[in-house]
Amino acid sequence: MAYRYLDDIAGSDVAFEARGATEEEVFASAWEACLALSVKDPDSIELVVEKQIRLEESTMEILLLDFLQEFIYQKDAEGLFLRVRDIAVTSDNGLFCVEARIAGDYIDPGKYELGVDIKAVTLHQFMLKQTRSGYLARVVLDI
Amino acid sequence: MTSDKMKKITDTVWEIPRSFKNGMRVPARIYATEKLLNAMEEGVFEQITNVATLPGIVEFAICMPDGHYGYGFPIGGVAAFDSVEGIISPGGIGFDINCGMRLVNTSLSYEEVKPMLEKLVDKLFYRIPAGVGGKGMLSLSKTEFCTMVEDGMNWCLKKGYAYEDDLRHTEENGCMKGADASVLSKEAIERGLSQVGSLGSGNHYLEIQVAKPENIFDRELAEKLGITMPNQILIMIHTGSRGFGHQVASDYLKSFLSYAQKEGINLRDRELAYAPFQSKEGQRYFSAMQCAVNMAFVNRQLVLHRIREVFSEVFGKDPSDLGLNLIYDITHNTAKLERHTIDGREKELVIHRKGATRAFAPGMGGIPYKYRKTGQPVIIGGSMETGSYLLVGMESGREAFYTTAHGSGRRIGRRKAKKAFKGKDILSYLKNKGVYVRAVSMSGLAEEVGEAYKNIDQVAEATELAGLSRRVVKLIPIGNIKG
């Protein structure tokens, strides 16, 4: 997964850049960047729960925002840390859609070393753009 | 910002004129000492002058002494909008709607608590949910949750989680009456359901503090607020509406972006997305925001309920015999309808305070009868190392719509703090200093190290010099729980 945290954008919170050769890769990298903030070792998460999600939006950028909000929703409402297993991003007639199979485990401080609690994906300097090598996203999270 | 772009009004008030930026409808005013002003990031001035361009803004776009770079508004931003012609913006309130402070009195002295301190903090740590994924104390149905967010602390009173005095000593008596759960999204309700009665994480905390005689600024005022004996123990709670408030803010930010697109509004910053206050969209957000305000009041009340249980168990006495009474509960992330005098005429305004605390002066309505002569209590939280302040509102705060600071504000970013400090080292360092800390996350603790924050003493002093609030007592931490 290709992401790096940015030190000088959000003093009170956390910012990162995610990259991907495709839309699917940049979406999955951004999700993983959120997960790696929430739990110290994302690779240790056991895959005991699996879900399918589908989200639609009128722009690709806001679709990414919704996708990362879904990470937060699953953490807060369902008590789950989930990883992206399969993902497809499509567009049709001006409507952008992400479908993903996500799997993981219930949040258990006895089992996983926890990190920070992400509360919202902000629109502060939020960006998703196509580059020569693929896609680049910049995200600032409210902690 | 260079001094030629900013006019000095007094030693603690600085004005950026309308000519600074196209579209500014009012000047911006920064309340700060020169030292605090010079320490503010350039982004603060950019953001507060963006706020000055919003429709319906009245008098000034204002920034408090603890102002720092935020999303849309700076943290510490205050703006009053005409309730008929003005707007409402989630970016002027913050994601954590009704993030706020609660200060609880005790009749215990430091000498009585010291031998029990570790037991108290350990028990509080185990009994009050905190940190990532920390489930709240209650398990509610969706219907009950919706009733709760509409009724606020009245719901706590009915359920036996609050005394009547708790409601009297909470801003808005713990319930904003326009809350309407029908405007909430399914996601907001579901995020809130599992978090009612939890501390959260980040900069949220529960702290046991001591009012040392040498830290009392005004003995008479301190006594009127209930601090009557040397080394009195107090308990401070800093938390908000948890994921619920964040989801409300996220939902309506998106909705207001669509509104801007539909209406052809060109936003300077997407975090400043707004709707006219009187529009259907504006009113729906105002109702949803009030639900989140109420949820946060309930959240802090449930934490207090648990504190009463724990203190009662540890000391073997009824909470009332331990003087566990609420001094005040105040929010620092809201929009509220208030009446203020503008150009000699009383006007109804939508006052946005983001990382800023209402600080009503002596004699004003809307504050408990007990505090009519002292002015409204104000609680400014500092780091777990440096201490916090209890202050009161002053008449000279009128020009700032009776508002003051809310905290010390960060100096070092989270990631830099985490790289420079280790949670375990902080625990032992603080223990040596007499502060016993329990934290869910060691990396989270490192991010909250005292050095990461600005000097709270300078902020509290600046509010007094600027006539926004008067210091009553500085409270020193001896025990702290963090998520």
# chains A, B, ... in the order shown; residues from 1 in each chain; ligands from 1
$ select_by_dssp --residues "stretch 20-160 of chain B" --states "helix (DSSP H, G or I)" --output "MDAnalysis selection string"
chainID B and resid 20 34:39 42:51 90:92 110:127 142:151 153:159
$ write_last_selection --atoms "C-alpha atoms" --output "PDB file, in the first residue's frame"
ATOM      1  CA  PHE B  20      -7.121  43.138   3.375  1.00  0.00           C
ATOM      2  CA  GLU B  34       1.657  40.537  21.037  1.00  0.00           C
ATOM      3  CA  LYS B  35       3.515  37.377  22.031  1.00  0.00           C
ATOM      4  CA  LEU B  36       0.509  35.102  21.364  1.00  0.00           C
ATOM      5  CA  LEU B  37      -0.300  36.994  18.160  1.00  0.00           C
ATOM      6  CA  ASN B  38       3.229  36.463  16.853  1.00  0.00           C
ATOM      7  CA  ALA B  39       2.967  32.746  17.645  1.00  0.00           C
ATOM      8  CA  GLU B  42      -0.443  32.584   9.021  1.00  0.00           C
ATOM      9  CA  GLY B  43      -3.373  30.262   8.326  1.00  0.00           C
ATOM     10  CA  VAL B  44      -5.258  31.751  11.279  1.00  0.00           C
ATOM     11  CA  PHE B  45      -5.315  35.181   9.602  1.00  0.00           C
ATOM     12  CA  GLU B  46      -6.239  33.650   6.256  1.00  0.00           C
ATOM     13  CA  GLN B  47      -9.105  31.720   7.846  1.00  0.00           C
ATOM     14  CA  ILE B  48     -10.495  34.496  10.044  1.00  0.00           C
ATOM     15  CA  THR B  49     -10.548  36.885   7.074  1.00  0.00           C
ATOM     16  CA  ASN B  50     -12.368  34.204   5.046  1.00  0.00           C
ATOM     17  CA  VAL B  51     -14.956  34.100   7.833  1.00  0.00           C
ATOM     18  CA  PRO B  90     -20.711  23.509  10.311  1.00  0.00           C
ATOM     19  CA  GLY B  91     -17.173  24.839   9.764  1.00  0.00           C
ATOM     20  CA  GLY B  92     -17.908  27.537  12.334  1.00  0.00           C
ATOM     21  CA  TYR B 110      -5.580  16.908  48.594  1.00  0.00           C
ATOM     22  CA  GLU B 111      -4.409  15.384  51.879  1.00  0.00           C
ATOM     23  CA  GLU B 112      -7.539  13.175  51.995  1.00  0.00           C
ATOM     24  CA  VAL B 113      -7.316  12.114  48.342  1.00  0.00           C
ATOM     25  CA  LYS B 114      -3.556  11.573  48.054  1.00  0.00           C
ATOM     26  CA  PRO B 115      -3.480   8.118  49.759  1.00  0.00           C
ATOM     27  CA  MET B 116      -6.420   6.976  47.590  1.00  0.00           C
ATOM     28  CA  LEU B 117      -5.300   8.613  44.343  1.00  0.00           C
ATOM     29  CA  GLU B 118      -4.050   5.560  42.444  1.00  0.00           C
ATOM     30  CA  LYS B 119      -7.064   3.505  43.525  1.00  0.00           C
ATOM     31  CA  LEU B 120      -9.417   6.291  42.420  1.00  0.00           C
ATOM     32  CA  VAL B 121      -7.756   6.792  39.044  1.00  0.00           C
ATOM     33  CA  ASP B 122      -7.539   3.029  38.389  1.00  0.00           C
ATOM     34  CA  LYS B 123     -11.211   2.542  39.205  1.00  0.00           C
ATOM     35  CA  LEU B 124     -12.257   5.509  37.086  1.00  0.00           C
ATOM     36  CA  PHE B 125     -10.097   4.196  34.246  1.00  0.00           C
ATOM     37  CA  TYR B 126     -11.790   0.791  34.331  1.00  0.00           C
ATOM     38  CA  ARG B 127     -15.298   2.156  34.782  1.00  0.00           C
ATOM     39  CA  LYS B 142     -32.630   3.765  18.473  1.00  0.00           C
ATOM     40  CA  THR B 143     -35.944   5.140  19.749  1.00  0.00           C
ATOM     41  CA  GLU B 144     -34.516   5.759  23.213  1.00  0.00           C
ATOM     42  CA  PHE B 145     -31.407   7.373  21.704  1.00  0.00           C
ATOM     43  CA  CYS B 146     -33.608   9.765  19.706  1.00  0.00           C
ATOM     44  CA  THR B 147     -35.595  10.667  22.840  1.00  0.00           C
ATOM     45  CA  MET B 148     -32.327  11.222  24.681  1.00  0.00           C
ATOM     46  CA  VAL B 149     -30.857  13.599  22.089  1.00  0.00           C
ATOM     47  CA  GLU B 150     -34.066  15.615  22.026  1.00  0.00           C
ATOM     48  CA  ASP B 151     -34.386  15.830  25.829  1.00  0.00           C
ATOM     49  CA  MET B 153     -30.070  16.213  30.498  1.00  0.00           C
ATOM     50  CA  ASN B 154     -33.813  16.094  31.262  1.00  0.00           C
ATOM     51  CA  TRP B 155     -33.499  12.506  30.056  1.00  0.00           C
ATOM     52  CA  CYS B 156     -30.685  11.935  32.587  1.00  0.00           C
ATOM     53  CA  LEU B 157     -32.841  13.387  35.351  1.00  0.00           C
ATOM     54  CA  LYS B 158     -35.738  11.057  34.470  1.00  0.00           C
ATOM     55  CA  LYS B 159     -33.412   8.035  34.368  1.00  0.00           C
TER      56      LYS B 159
END
$ interface_residues --of "chain A" --to "chain B" --cutoff "10 Å" --atoms "only C-alpha atoms" --output "ChimeraX atom specification"
/A:5-15,38-40,62,65-66,69-70,72-81,106-109,113-126,140,142-143
$ write_last_selection --atoms "C-alpha atoms" --output "compact mmCIF listing (two decimals), in the first residue's frame"
# COMPACT_ATOMS: atom_id res chain seq x y z
CA TYR A 5 1.72 10.78 6.60
CA LEU A 6 2.27 14.53 6.28
CA ASP A 7 3.64 16.41 9.26
CA ASP A 8 2.96 20.01 8.38
CA ILE A 9 -0.65 20.17 7.24
CA ALA A 10 -2.69 19.45 10.35
CA GLY A 11 -1.02 20.15 13.69
CA SER A 12 -4.01 19.08 15.79
CA ASP A 13 -4.89 16.16 13.56
CA VAL A 14 -3.35 13.84 10.98
CA ALA A 15 -2.89 14.22 7.22
CA SER A 38 -6.12 3.23 14.38
CA VAL A 39 -4.18 0.05 15.12
CA LYS A 40 -0.42 -0.35 15.46
CA ILE A 62 -16.58 12.83 -2.77
CA LEU A 65 -14.57 10.86 1.15
CA ASP A 66 -17.61 8.60 1.61
CA GLN A 69 -16.23 7.74 6.21
CA GLU A 70 -17.33 4.12 5.86
CA ILE A 72 -15.04 5.34 10.50
CA TYR A 73 -18.65 4.14 10.53
CA GLN A 74 -17.57 0.48 10.71
CA LYS A 75 -15.18 1.32 13.56
CA ASP A 76 -17.67 3.36 15.60
CA ALA A 77 -21.03 1.78 14.88
CA GLU A 78 -20.00 -1.86 14.37
CA GLY A 79 -16.83 -1.88 16.48
CA LEU A 80 -14.81 -3.35 13.61
CA PHE A 81 -11.36 -2.89 12.13
CA TYR A 106 -13.83 -6.73 16.33
CA ILE A 107 -11.86 -4.01 18.12
CA ASP A 108 -10.28 -5.62 21.16
CA PRO A 109 -7.66 -3.66 23.15
CA GLU A 113 -2.48 -2.35 20.18
CA LEU A 114 -4.69 0.64 19.48
CA GLY A 115 -3.66 3.96 17.98
CA VAL A 116 -5.67 7.15 17.58
CA ASP A 117 -9.41 7.46 17.09
CA ILE A 118 -10.31 8.94 13.71
CA LYS A 119 -13.54 10.89 14.00
CA ALA A 120 -14.06 12.50 10.60
CA VAL A 121 -12.63 12.94 7.12
CA THR A 122 -12.40 16.68 6.56
CA LEU A 123 -12.61 18.67 3.35
CA HIS A 124 -9.58 20.69 4.45
CA GLN A 125 -7.14 20.48 1.51
CA PHE A 126 -8.92 17.25 0.52
CA VAL A 140 -6.82 15.42 6.51
CA ASP A 142 -10.10 14.91 12.40
CA ILE A 143 -8.72 13.07 15.44
$ residues_around --residues "A:Ser91" --least-positions-apart "2" --cutoff "10 Å" --atoms "only C-alpha atoms" --output "ChimeraX atom specification"
/A:56-60,89,93-98
$ write_last_selection --atoms "N, CA and C atoms" --output "compact mmCIF listing (two decimals), in the first residue's frame"
# COMPACT_ATOMS: atom_id res chain seq x y z
N GLU A 56 -22.26 5.21 -3.81
CA GLU A 56 -22.37 5.97 -5.07
C GLU A 56 -22.28 7.46 -4.79
N GLU A 57 -21.67 8.18 -5.70
CA GLU A 57 -21.58 9.64 -5.56
C GLU A 57 -21.49 10.29 -6.94
N SER A 58 -21.69 11.61 -6.95
CA SER A 58 -21.67 12.30 -8.24
C SER A 58 -20.26 12.74 -8.64
N THR A 59 -19.30 12.70 -7.72
CA THR A 59 -17.90 12.97 -8.10
C THR A 59 -17.02 11.89 -7.47
N MET A 60 -15.90 11.62 -8.13
CA MET A 60 -14.96 10.61 -7.64
C MET A 60 -14.34 11.05 -6.31
N VAL A 89 -13.90 0.23 -8.66
CA VAL A 89 -14.42 1.59 -8.78
C VAL A 89 -14.87 1.78 -10.23
N ASN A 93 -22.50 7.22 -16.60
CA ASN A 93 -23.40 8.36 -16.76
C ASN A 93 -23.26 9.40 -15.65
N GLY A 94 -22.03 9.73 -15.30
CA GLY A 94 -21.80 10.76 -14.28
C GLY A 94 -21.98 10.29 -12.86
N LEU A 95 -22.20 9.00 -12.67
CA LEU A 95 -22.34 8.47 -11.32
C LEU A 95 -21.14 7.56 -11.04
N PHE A 96 -20.48 7.83 -9.95
CA PHE A 96 -19.28 7.05 -9.59
C PHE A 96 -19.64 6.08 -8.47
N CYS A 97 -19.07 4.89 -8.57
CA CYS A 97 -19.48 3.83 -7.64
C CYS A 97 -18.26 3.05 -7.15
N VAL A 98 -18.23 2.74 -5.86
CA VAL A 98 -17.21 1.85 -5.33
C VAL A 98 -17.91 0.65 -4.69
$ residues_around --residues "A:Leu35" --least-positions-apart "6" --cutoff "8 Å" --atoms "only C-alpha atoms" --output "short mmCIF file (atom, residue, chain, number, x, y, z; two decimals) with C-alpha atoms, in the first residue's frame"
data_model
loop_
_atom_site.label_atom_id
_atom_site.label_comp_id
_atom_site.auth_asym_id
_atom_site.auth_seq_id
_atom_site.Cartn_x
_atom_site.Cartn_y
_atom_site.Cartn_z
CA PRO A 42 -2.79 -3.74 10.66
CA PHE A 81 -11.36 -2.89 12.13
CA LEU A 82 -11.72 -3.95 8.51
CA ARG A 83 -9.29 -4.28 5.60
#
$ closest_residue --among "A:Ile87, A:Met1, A:Ala30, A:Ala21" --to "A:Ser133" --atoms "only C-alpha atoms"
A:Ala21
$ select_by_dssp --residues "chain A" --states "strand (DSSP E)" --output "ChimeraX atom specification"
/A:2-6,14-20,49-57,80-92,95-106,120-121,127-131,134-142
$ residues_around --residues "B:Lys224" --least-positions-apart "3" --cutoff "8 Å" --atoms "only C-alpha atoms" --output "JSON, numbers by chain"
{"B": [220, 221, 227, 371, 374]}
$ closest_residue --among "B:Tyr389, B:Tyr402, B:Phe297, B:Tyr163" --to "B:Leu324" --atoms "only C-alpha atoms"
B:Tyr163
$ residues_around --residues "A:Arg4" --least-positions-apart "4" --cutoff "8 Å" --atoms "only C-alpha atoms" --output "ChimeraX atom specification"
/A:16-18,33
$ residues_around --residues "B:Tyr429" --least-positions-apart "5" --cutoff "12 Å" --atoms "only C-alpha atoms" --output "ChimeraX atom specification"
/B:384-385,421-424,434-437,446,449-450
$ closest_residue --among "B:Leu103, B:Val303, B:Ile75, B:Leu267" --to "B:Thr53" --atoms "only C-alpha atoms"
B:Leu267
$ closest_residue --among "A:Leu64, A:Asp86, A:Ala2, A:Ala100" --to "A:Gly20" --atoms "only C-alpha atoms"
A:Ala2
